[in-house]
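**Student:** One structure, as structure tokens, below. Some questions next.
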Amino acid sequence: MSKGPEIVTFGCRLNTFESEVMRGHAEKAGLSDTVIFNTCSVTSEAVRQARQSIRRTKREHPGARILVTGCAAQIDPEQFAAMDEVAHVIGNQEKLEARSYTLLATDKLERTKVNDIFSVTETAGHLVAGFGERTRAFVQIQNGCDHRCTFCIIPYGRGNSRSVPMGEIIDQIKNLVGNGFGEVVLTGVDITSFGADLPGTPTLGMLVQKILKLVPDLPRLRISSIDSIEVDAPLMETIISEPRLMPHLHLSLQAGDNMVLKRMKRRHMREDAIDFCHLVRKARPDMVFGADIIAGFPTETEEMFEQSLDLVQACDLTWLHIFPYSAREGTPAARMPQVVKAVRKERAAKLRALGDVQVINLMKKAEGQTANILIERHDDSGRGMGHSEQFIPVVVEKSCAVGDIIAVNLAKHDANSMTGI
């Protein structure tokens, strides 16, 4: 393996951002022959994959020192500490502290260092200079969650909601734009709760408006997964009127049946989601919605599941993240009557198939339209590859450089992308 530190990231966009913070600390500490696993705990499958990857890495690189962190390590550090392959386990707070990597480099880091995540009351802004190729960057605005959805283990890995001060976020975005980034994605665990713990209680909408005003050179801004029921008036105003805020929103919907939503302890009903999508699309017809949906939540009947399938079409959802329900020990849903695992997988497959159809329909509608593509990389043939404003993957037939935002005419499509000419 390479002499420098290697970071293996599982899970969400926030983990992607934090891995870059960790990379900076690890490189500054001069770590060598070290592999850091930044784990996810959203499903038991995510934990299994992390453990499998740790074992494979140690087999392939027996001399490597392995450190494990992230949500799975925060929630259950003992399971990783018990693995012979693992040298150190640190928590979600410790992984962002430069001191952890200095101690690791000098062989002074404890084997397991995981503090109580609920004791953490602030989230600092971390300046990250780059994310590999300089195109799209994630900026953390918030961490943790005050809600307790019955299926979710994440608050036990992330703690209670806490926000990054607005000035630090704007400084971070200015830094990224100065380094050539064309797009920034605001990320966190529950970003619509942003600001409730800050002086003056700013909202997500106020933050978005301030970013667009104070960083006029930022070409494209995206916001990651939101609870539509918690969208404040300034955010709604910006969504429907600001062209630099991309017409692509990812919604945390989870289910389409009201009884299932109630048993999940979600804060919206089916009708709320439909009304929100219709209201936004009426004002901004080019808006595209993605969504998280869980298949096979405990007690979900076939009729309840059909409501989730129907919601995809009622809201015209496109970019779907589908999860077969995964029981997480310690959550209320794990004690509810479970749907047979094979049925969960079957329902998830139906939702994914419908999602694939929705993507094809979106690309068909986009044919002949002009789109601006942020070039993220080149394929083996040297063609530019990137995403449109609506997050459609596009292969560009024009001459272009990584980081360019280039106008193309959207032509033919296959199952995965469109051609831009």
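Chains: A, B, ... in order of the structure tokens. Residues: from 1 per chain. Ligands: from 1, in order shown.
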Contacts of Leu374 of chain A at 10 Å or less, counting only C-alpha atoms, minus same-chain residues fewer than 5 places along, as JSON, numbers by chain?
**Tutor:** {"A": [135, 136, 181, 182, 183, 219, 220, 384, 385, 386, 387, 388, 389, 391, 393, 394, 400, 401, 402, 403, 404, 405, 406, 407]}
**Student:** Which polymer residues have any atom within 6 Å of an atom of segment 9-17 of chain A, counting only C-alpha atoms, with same-chain residues fewer than 5 positions away left out, as a VMD selection string?
**Tutor:** chain A and resid 38 to 40 138 187 to 188
**Student:** Store the residues picked out above in a file with C-alpha atoms, as a PDB file, in the first residue's frame.
**Tutor:**
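Result file follows (result_12.pdb):
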ATOM      1  CA  ASN A  38     -14.975   5.933   8.526  1.00  0.00           C
ATOM      2  CA  THR A  39     -17.992   3.698   9.137  1.00  0.00           C
ATOM      3  CA  CYS A  40     -21.768   4.007   8.799  1.00  0.00           C
ATOM      4  CA  PHE A 138     -19.630  19.167   0.663  1.00  0.00           C
ATOM      5  CA  THR A 187     -24.800  18.733   4.338  1.00  0.00           C
ATOM      6  CA  GLY A 188     -25.533  17.491   7.853  1.00  0.00           C
TER       7      GLY A 188
END
**Student:** Please, what distance in Å, to one decimal, runs between atom CA of Thr238 of chain A and atom CA of Ser417 of chain A?
**Tutor:**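 Pair atom CA of Thr238 of chain A / atom CA of Ser417 of chain A returns 28.5 Å.
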**Student:** Write out, as a tab-separated table, each residue of segment 162-279 of chain A that has an atom at most 9 Å from segment 284-294 of chain A, together with the closest pair of atoms and their distance in Å to one decimal, counting only C-alpha atoms, rows going by chain and rising number.
**Tutor:**
residue	atom	partner	partner_atom	distance
A:Ser225	CA	A:Ala291	CA	7.9
A:Ile239	CA	A:Arg284	CA	8.2
A:Ile240	CA	A:Arg284	CA	5.4
A:Ser241	CA	A:Arg284	CA	7.7
A:Met246	CA	A:Met287	CA	8.3
A:Pro247	CA	A:Met287	CA	4.4
A:His248	CA	A:Val288	CA	4.8
A:Leu249	CA	A:Phe289	CA	5.0
A:His250	CA	A:Gly290	CA	4.4
A:Leu251	CA	A:Ala291	CA	4.5
A:Ser252	CA	A:Asp292	CA	5.2
A:Leu253	CA	A:Asp292	CA	5.8
A:Gln254	CA	A:Ile293	CA	3.9
A:Ala255	CA	A:Ile293	CA	5.5
A:Gly256	CA	A:Ile293	CA	8.3
A:Cys277	CA	A:Phe289	CA	7.8
A:Leu279	CA	A:Arg284	CA	8.7
**Student:** Go ahead and save the picked residues with C-alpha atoms, as a PDB file, in the first residue's frame.
**Tutor:**
ATOM      1  CA  SER A 225     -31.669  15.712   2.311  1.00  0.00           C
ATOM      2  CA  ILE A 239     -36.026  27.352  -3.762  1.00  0.00           C
ATOM      3  CA  ILE A 240     -38.575  28.771  -6.171  1.00  0.00           C
ATOM      4  CA  SER A 241     -36.750  31.949  -7.232  1.00  0.00           C
ATOM      5  CA  MET A 246     -30.029  23.847  -8.187  1.00  0.00           C
ATOM      6  CA  PRO A 247     -33.499  22.487  -9.112  1.00  0.00           C
ATOM      7  CA  HIS A 248     -32.895  19.201  -7.322  1.00  0.00           C
ATOM      8  CA  LEU A 249     -34.142  18.537  -3.789  1.00  0.00           C
ATOM      9  CA  HIS A 250     -33.734  15.298  -1.886  1.00  0.00           C
ATOM     10  CA  LEU A 251     -36.598  14.670   0.538  1.00  0.00           C
ATOM     11  CA  SER A 252     -36.562  12.540   3.659  1.00  0.00           C
ATOM     12  CA  LEU A 253     -39.960  10.896   3.082  1.00  0.00           C
ATOM     13  CA  GLN A 254     -39.364   7.297   4.286  1.00  0.00           C
ATOM     14  CA  ALA A 255     -42.878   5.990   3.476  1.00  0.00           C
ATOM     15  CA  GLY A 256     -46.072   6.790   1.635  1.00  0.00           C
ATOM     16  CA  CYS A 277     -43.927  18.822  -4.304  1.00  0.00           C
ATOM     17  CA  LEU A 279     -46.384  23.750  -4.676  1.00  0.00           C
TER      18      LEU A 279
END
**Student:** Determine the nearest neighbour of Asn258 of chain A from the options A:Leu311, A:Ala73, A:Leu214, A:Ile226, counting only C-alpha atoms.
**Tutor:**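 Using only C-alpha atoms, the shortest distance to Asn258 of chain A belongs to A:Leu311.
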**Student:** Check segment 160-276 of chain A with DSSP on the backbone and list each residue it calls helix (DSSP H, G or I), as JSON, numbers by chain.
**Tutor:** {"A": [166, 167, 168, 169, 170, 171, 172, 173, 174, 175, 176, 177, 178, 191, 192, 193, 204, 205, 206, 207, 208, 209, 210, 211, 212, 213, 214, 228, 229, 230, 233, 234, 235, 236, 237, 238, 239, 240, 241, 258, 259, 260, 261, 262, 263, 264, 270, 271, 272, 273, 274, 275, 276]}
**Student:** From the options A:Arg158, A:Pro298, A:Cys315, A:Leu235, which residue's atoms come nearest to Phe276 of chain A, counting only C-alpha atoms?
**Tutor:**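 For Phe276 of chain A, the nearest of the candidates is A:Cys315.
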**Student:** Neighbours of Val189 of chain A within 7 Å (only C-alpha atoms; same-chain residues fewer than 3 positions away dropped), as an NGL selection string?
**Tutor:** :A and (142-145)
**Student:** Please write the residues from the selection above to a file, keeping C-alpha atoms, as a CSV table (one decimal), in the first residue's frame.
**Tutor:**
chain,number,residue,atom,x,y,z
A,142,GLN,CA,-25.0,20.9,11.2
A,143,ASN,CA,-24.5,17.6,13.0
A,144,GLY,CA,-26.7,15.4,15.2
A,145,CYS,CA,-30.5,15.1,15.5
